[in-house]
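First comes the structure, then the notes that go with it.
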Amino acid sequence: MSRLIIVSNRVAPISEGGPAAGGLAVGVYDALKETGGVWFGWSGEVLSTPPDGITLEEHGPVTFATIGLVRRDYDQYYRGFSNATLWPAFHYRPDLIEFDRHEYDGYCRVNHWLAARLAPLLRPDDVIWVHDYHLIPFAQALRALGVENRIGFFLHIPFPASQILLSVPRHRELVEALCAFDLLGFQTEPDVRAFCDYIETEAGGALTRHAKAPVEIRAFGQTLKAAAYPIGVYPDEVRALAKDGEGGRDVQIVKETLHQRKLVMSVDRLDYSKGLVERFRAFERLFEHDPQQRNNVSLLQIAPPTRTDVDAYRDIRQQLEAESGRINGRYAELDWTPIRYIHRQYERPVLAALFREAHVGLVTPLRDGMNLVAKEYVSAQNPEDPGVLVLSQFAGAARELTAALIVNPLDIDGMADALATALAMPLDERRARHQEMYALLRDNNVSVWRDNFLRDLKAR
């Protein structure tokens with residue numbers, strides 16, 4: 001059996017012989033344990049001098065191979081082009097794109113440097129699976145080194161419409177680099193269509209579509225395939241985590257301080273793509289529309305810090321702190337705070353248990369590739385008394401979780417109305433909606449995502 005080589009920007013933290021729990025990490029690590037292989041990527045360290053080489057850690061059949069980056073490479077490859085150029089473009093925010101040609105050059109240079117570090121570890125029959133927007137040029141770099149293995153790529157974030165992508169300088173070079181892969185995986189069919197539209201209208205390529213099979217693409221002198229592979233979770237595992245975490249101190253504090261009030265729950269990285277400001281305003285609008293909701297419901301927003309050295313992220317944090325302060329100042333009472341805004345990270349069992357306690361899961365990104373929080377919220381619910389998921393139409397998960405209350409995150413009144421509907425929804429309807437979504441999540445778990453992708457990658 002051929003080995004699997006996983007390449008990602010960051011290698012999941014290693015603990016007790018495996019990566020820290022998380023949907024992607026668990027699914028990928030399971031595949032690596034089955035076939036044996038290597039997980040390669042940046043260690044997360046920013047170094048003052050170039051690294052001596054790769055750090056290798058053996059855990060059974062899996063080798064974790066990590067390497068640090070020097071400050072210039074981190075600034076140009078990660079903080080610069082990946083997160084100041086590609087991230088806003090791929091999340092439909094061309095107004096936030098920052099482009100510096102030196103950062104683009106650094107992005108390509110680091111991809112080639114990483115590929116050169118990986119190449120000596122490869123065997124002829126290895127299958128290579130590259131993950132996410134940081135590593136678009138990676139296959140092209142490996143091909144330049146003479147690597148002929150099957151190489152697949154999965155994009156975890158949205159792929160933008162052509163007119164958005166055209167706003168990124170060097171967009172054609174990026175798409176040409178993607179065509180060096182054998183298989184491209186996207187979260188949703190609209191992402192596939194967006195990529196294929198660029199190939200036809202901007203790159204002069206040709207497509208051959210097959211029913212229930214990847215699209216065949218011919219462009220830039222290459223032939224490759226592309227398809228949608230919506231990533232999932234292990235719902236039974238999330239449900240078990242929720243039960244395990246119920247007795248934890250943090251969960252008990254939340255339950256005690258709610259004093260029988262209903263709980264609306266949101267968990268997001270602190271990012272402008274998540275629609276957090278609009279969400280806070282919708283919660284405020286709920287009180288304007290229905291004064292009886294005041295002092296009867298609280299919003300718990302957990303937003304761990306991310307990319308604190310990028311200006312746009314500092315701005316969103318300041319804006320959120322101002323909005324939550326304004327709304328709490330307007331509505332809070334001596335024994336009740338409408339919005340509990342927490343700027344820190346919690347372990348998965350705590351989050352799962354809090355999801356289980358929440359009457360409403362509020363997941364309203366302005367744009368998201370999939371959004372596993374939505375799937376984990378549904379998974380964590382008590383099937384006898386489940387909560388209601390309110391979900392943005394612009395999250396990839398909305399294409400599967402159609403029994404959620406689907407909203408437009410730019411429609412503040414519409415979100416407020418959906419919150420009111422969710423809070424008042426009768427038990428029979430809540431159960432029916434939850435059963436439908438939970439069954440779908442079990443049938444399309446992260447193993448199905450992984451196995452479908454690898455099956456198509458290995459197929460000639």
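We label chains A, B, ... in the order they appear in the structure tokens, count residues from 1 in each chain, and number ligands from 1 in the order shown.
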
Counting only C-alpha atoms, which residues of stretch 329-360 of chain A fall within 7 Å of stretch 372-389 of chain A, and what is the closest atom pair for each with its distance in Å at one decimal, ordered by chain and rising number, as CSV?
residue,atom,partner,partner_atom,distance
A:Ala352,CA,A:Ala380,CA,5.8
A:Phe355,CA,A:Tyr377,CA,5.4
A:Arg356,CA,A:Gln381,CA,4.7
A:Ala358,CA,A:Gly387,CA,6.4
A:His359,CA,A:Gly387,CA,4.4
A:Val360,CA,A:Val388,CA,4.8

Any chance you could list, as a PyMOL selection string, the residues in stretch 64-233 of chain A that come up alpha helix (DSSP H) when DSSP is run on the backbone?
chain A and resi 71-73+87-90+101-118+138-144+162-165+171-178+189-201

Applying 8 Å and only C-alpha atoms, which residues near A:Met415 remain after dropping the ones on its own chain fewer than 6 positions away? List them as JSON, numbers by chain.
{"A": [279, 282, 407, 408, 409]}

My list of candidates is A:His59, A:Pro169, A:Leu122, A:Thr402. Which is closest to A:Pro94 when distances are computed with only C-alpha atoms?
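Checking each of A:His59, A:Pro169, A:Leu122, A:Thr402 against A:Pro94, counting only C-alpha atoms, the winner is A:Pro169.
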
Any idea what the distance is between atom CA of A:Ala353 and atom CA of A:Asp244?
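Rounded to one decimal, the two atoms are 7.6 Å apart.
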
Excluding stretch 225-228 of chain A and any residue of its chain fewer than 2 positions from it, enumerate the residues within 7 Å of it, using only C-alpha atoms, and give them as an mmCIF file with C-alpha atoms, in the first residue's frame.
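That gives us out15.cif:
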data_model
loop_
_atom_site.group_PDB
_atom_site.id
_atom_site.type_symbol
_atom_site.label_atom_id
_atom_site.label_comp_id
_atom_site.auth_asym_id
_atom_site.auth_seq_id
_atom_site.Cartn_x
_atom_site.Cartn_y
_atom_site.Cartn_z
ATOM 1 C CA ASP A 182 -3.733 16.061 -10.505
ATOM 2 C CA LEU A 183 -6.928 16.701 -8.518
ATOM 3 C CA LEU A 184 -8.391 19.866 -7.021
ATOM 4 C CA GLY A 185 -10.912 19.531 -4.226
ATOM 5 C CA PHE A 186 -13.307 22.309 -3.212
ATOM 6 C CA GLN A 187 -15.875 22.538 -0.434
ATOM 7 C CA THR A 188 -18.944 23.180 -2.608
ATOM 8 C CA GLU A 189 -20.188 22.987 -6.188
ATOM 9 C CA VAL A 192 -15.949 24.291 -8.495
ATOM 10 C CA PRO A 214 -14.901 15.105 -11.277
ATOM 11 C CA VAL A 215 -14.740 17.680 -14.063
ATOM 12 C CA GLU A 216 -11.821 17.102 -16.417
ATOM 13 C CA ILE A 217 -9.858 20.279 -17.111
ATOM 14 C CA PRO A 230 -17.633 18.844 1.499
#

Top pick for closest residue to A:Val130, considering A:Leu142, A:Leu258, A:Ala194, A:Cys108 and counting only C-alpha atoms
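Closest to A:Val130, using only C-alpha atoms: A:Leu142.
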
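Pairwise distance (atom CA of A:Val147, atom CA of A:Ala119) equals 7.5 Å.
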
I'd like to know which residues of stretch 58-124 of chain A are strand (DSSP E) (by DSSP, run on the backbone); could you write them as a VMD selection string?
chain A and resid 58 to 59 62 to 70

Taking 2 positions as the minimum chain separation for residues in the same chain, which residues sit within 12 Å of A:Asp75 when counting only C-alpha atoms? Answer as a list of chain:residue names.
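In the requested format, the answer is A:Val46, A:Leu47, A:Leu69, A:Val70, A:Arg71, A:Arg72, A:Asp73, A:Tyr77, A:Tyr78, A:Arg79, A:Gly80, A:Phe81, A:Ser82, A:Asn83, A:Ala84, A:Asp100, A:His102, A:Glu103, A:Tyr104, A:Asp105, A:Gly106, A:Tyr107, A:Val110, A:Arg307, A:Asp309, A:Val310.
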
Selection export as a short mmCIF file (atom, residue, chain, number, x, y, z; two decimals), in the first residue's frame, atoms kept: C-alpha atoms:
data_model
loop_
_atom_site.label_atom_id
_atom_site.label_comp_id
_atom_site.auth_asym_id
_atom_site.auth_seq_id
_atom_site.Cartn_x
_atom_site.Cartn_y
_atom_site.Cartn_z
CA VAL A 46 9.60 31.96 13.72
CA LEU A 47 13.39 31.75 13.87
CA LEU A 69 10.52 29.79 9.17
CA VAL A 70 12.80 32.79 9.45
CA ARG A 71 11.15 36.15 10.10
CA ARG A 72 11.33 37.37 6.49
CA ASP A 73 9.69 34.20 5.18
CA TYR A 77 4.68 34.04 2.83
CA TYR A 78 2.27 33.80 5.78
CA ARG A 79 1.41 37.20 7.18
CA GLY A 80 1.80 38.91 3.83
CA PHE A 81 0.58 37.25 0.65
CA SER A 82 -1.36 34.36 2.22
CA ASN A 83 -3.33 36.39 4.75
CA ALA A 84 -3.24 39.98 3.51
CA ASP A 100 3.23 43.71 -2.38
CA HIS A 102 8.02 41.20 -2.69
CA GLU A 103 5.49 39.33 -0.55
CA TYR A 104 4.27 37.43 -3.61
CA ASP A 105 7.85 36.56 -4.48
CA GLY A 106 8.38 35.42 -0.88
CA TYR A 107 5.21 33.30 -1.04
CA VAL A 110 8.84 29.61 0.54
CA ARG A 307 -3.40 36.88 13.21
CA ASP A 309 -0.12 41.16 13.65
CA VAL A 310 -2.42 41.94 10.70
#

Would you kindly return, as a compact mmCIF listing (two decimals) with N, CA and C atoms, in the first residue's frame, each protein, DNA or RNA residue with an atom no farther than 8 Å from any atom of stretch 326-333 of chain A, considering only C-alpha atoms and excluding same-chain residues fewer than 5 positions away?
# COMPACT_ATOMS: atom_id res chain seq x y z
N GLU A 284 -29.16 42.69 19.00
CA GLU A 284 -29.74 43.95 19.51
C GLU A 284 -31.13 44.17 18.91
N ARG A 294 -35.95 40.68 26.37
CA ARG A 294 -34.95 41.29 27.25
C ARG A 294 -34.93 40.59 28.61
N ASN A 295 -33.75 40.35 29.08
CA ASN A 295 -33.53 39.66 30.36
C ASN A 295 -33.97 38.20 30.33
N PRO A 338 -26.55 41.12 28.27
CA PRO A 338 -27.06 40.53 27.01
C PRO A 338 -26.00 39.77 26.23
N ILE A 339 -24.81 40.36 26.06
CA ILE A 339 -23.76 39.73 25.26
C ILE A 339 -22.57 39.42 26.14

Skipping near chain neighbours, those fewer than 4 positions away, what residues fall within 12 Å of A:Gly152 using only C-alpha atoms, listed as a ChimeraX atom specification?
/A:4-8,126-132,135-136,138-140,178-186,224-227,450,453-459

Since we have the selection now, will you write its residues out, keeping N, CA and C atoms, as a compact mmCIF listing (two decimals), in the first residue's frame?
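File produced: part-v4.txt:
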# COMPACT_ATOMS: atom_id res chain seq x y z
N LEU A 4 0.72 7.82 2.39
CA LEU A 4 0.07 9.10 2.22
C LEU A 4 0.99 10.18 2.78
N ILE A 5 1.20 11.23 2.00
CA ILE A 5 1.99 12.38 2.44
C ILE A 5 1.05 13.58 2.55
N ILE A 6 0.84 14.06 3.76
CA ILE A 6 0.01 15.25 3.98
C ILE A 6 0.92 16.46 4.07
N VAL A 7 0.58 17.50 3.35
CA VAL A 7 1.32 18.77 3.41
C VAL A 7 0.32 19.86 3.77
N SER A 8 0.59 20.56 4.87
CA SER A 8 -0.27 21.67 5.28
C SER A 8 0.60 22.78 5.82
N ASP A 126 4.40 7.17 -3.30
CA ASP A 126 3.68 8.00 -2.33
C ASP A 126 2.57 8.79 -3.03
N VAL A 127 1.47 9.00 -2.31
CA VAL A 127 0.39 9.88 -2.75
C VAL A 127 0.44 11.13 -1.89
N ILE A 128 0.48 12.29 -2.53
CA ILE A 128 0.69 13.56 -1.82
C ILE A 128 -0.61 14.37 -1.82
N TRP A 129 -1.01 14.81 -0.62
CA TRP A 129 -2.25 15.59 -0.47
C TRP A 129 -1.90 16.92 0.21
N VAL A 130 -2.02 18.00 -0.56
CA VAL A 130 -1.64 19.34 -0.11
C VAL A 130 -2.91 20.10 0.29
N HIS A 131 -2.81 20.86 1.38
CA HIS A 131 -3.98 21.53 1.93
C HIS A 131 -3.82 23.05 1.98
N ASP A 132 -4.74 23.71 1.34
CA ASP A 132 -5.12 25.10 1.54
C ASP A 132 -4.25 26.14 0.82
N LEU A 135 -0.44 27.07 0.04
CA LEU A 135 0.43 26.15 -0.69
C LEU A 135 0.00 25.95 -2.14
N ILE A 136 -0.59 26.95 -2.74
CA ILE A 136 -1.04 26.85 -4.13
C ILE A 136 0.11 26.49 -5.09
N PHE A 138 2.67 24.64 -4.58
CA PHE A 138 3.48 23.53 -4.07
C PHE A 138 3.68 22.43 -5.10
N ALA A 139 2.65 22.05 -5.81
CA ALA A 139 2.80 20.99 -6.82
C ALA A 139 3.72 21.45 -7.95
N GLN A 140 3.56 22.69 -8.36
CA GLN A 140 4.43 23.24 -9.41
C GLN A 140 5.89 23.17 -8.98
N LEU A 178 -2.16 26.01 -9.80
CA LEU A 178 -3.15 25.02 -9.38
C LEU A 178 -3.29 23.90 -10.41
N CYS A 179 -3.08 24.22 -11.65
CA CYS A 179 -3.23 23.21 -12.71
C CYS A 179 -2.08 22.21 -12.74
N ALA A 180 -1.08 22.39 -11.90
CA ALA A 180 -0.01 21.39 -11.78
C ALA A 180 -0.42 20.22 -10.89
N PHE A 181 -1.52 20.36 -10.15
CA PHE A 181 -2.03 19.25 -9.35
C PHE A 181 -2.80 18.28 -10.24
N ASP A 182 -2.94 17.05 -9.78
CA ASP A 182 -3.73 16.06 -10.50
C ASP A 182 -5.21 16.16 -10.18
N LEU A 183 -5.54 16.57 -8.95
CA LEU A 183 -6.93 16.70 -8.52
C LEU A 183 -7.05 17.91 -7.61
N LEU A 184 -8.07 18.73 -7.88
CA LEU A 184 -8.39 19.87 -7.02
C LEU A 184 -9.70 19.57 -6.32
N GLY A 185 -9.70 19.71 -5.01
CA GLY A 185 -10.91 19.53 -4.23
C GLY A 185 -11.39 20.85 -3.65
N PHE A 186 -12.69 21.10 -3.75
CA PHE A 186 -13.31 22.31 -3.21
C PHE A 186 -14.42 21.90 -2.26
N LEU A 224 -6.10 17.91 -15.61
CA LEU A 224 -6.37 17.63 -14.19
C LEU A 224 -7.86 17.47 -14.00
N LYS A 225 -8.26 17.17 -12.77
CA LYS A 225 -9.67 17.02 -12.45
C LYS A 225 -10.01 17.89 -11.24
N ALA A 226 -11.31 18.23 -11.12
CA ALA A 226 -11.77 19.04 -9.99
C ALA A 226 -13.16 18.60 -9.59
N ALA A 227 -13.43 18.63 -8.29
CA ALA A 227 -14.75 18.25 -7.78
C ALA A 227 -14.95 18.84 -6.39
N ARG A 450 -12.60 12.30 3.26
CA ARG A 450 -11.22 11.88 3.03
C ARG A 450 -11.15 10.74 2.01
N PHE A 453 -12.01 11.79 -1.62
CA PHE A 453 -10.94 12.56 -2.25
C PHE A 453 -9.78 11.64 -2.66
N LEU A 454 -9.34 10.80 -1.75
CA LEU A 454 -8.19 9.94 -2.04
C LEU A 454 -8.52 8.92 -3.13
N ARG A 455 -9.75 8.44 -3.18
CA ARG A 455 -10.17 7.54 -4.27
C ARG A 455 -10.01 8.22 -5.62
N ASP A 456 -10.48 9.45 -5.72
CA ASP A 456 -10.40 10.15 -7.01
C ASP A 456 -8.97 10.56 -7.34
N LEU A 457 -8.18 10.87 -6.31
CA LEU A 457 -6.78 11.24 -6.56
C LEU A 457 -6.00 10.06 -7.12
N LYS A 458 -6.25 8.88 -6.61
CA LYS A 458 -5.51 7.69 -7.05
C LYS A 458 -5.99 7.17 -8.41
N ALA A 459 -7.21 7.53 -8.79
CA ALA A 459 -7.76 7.06 -10.07
C ALA A 459 -7.05 7.77 -11.22

Which one of A:Trp336, A:Phe280, A:Tyr346, A:Tyr74 sits closest to A:Val363 if you count only C-alpha atoms?
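Using only C-alpha atoms, A:Val363 sits closest to A:Phe280.
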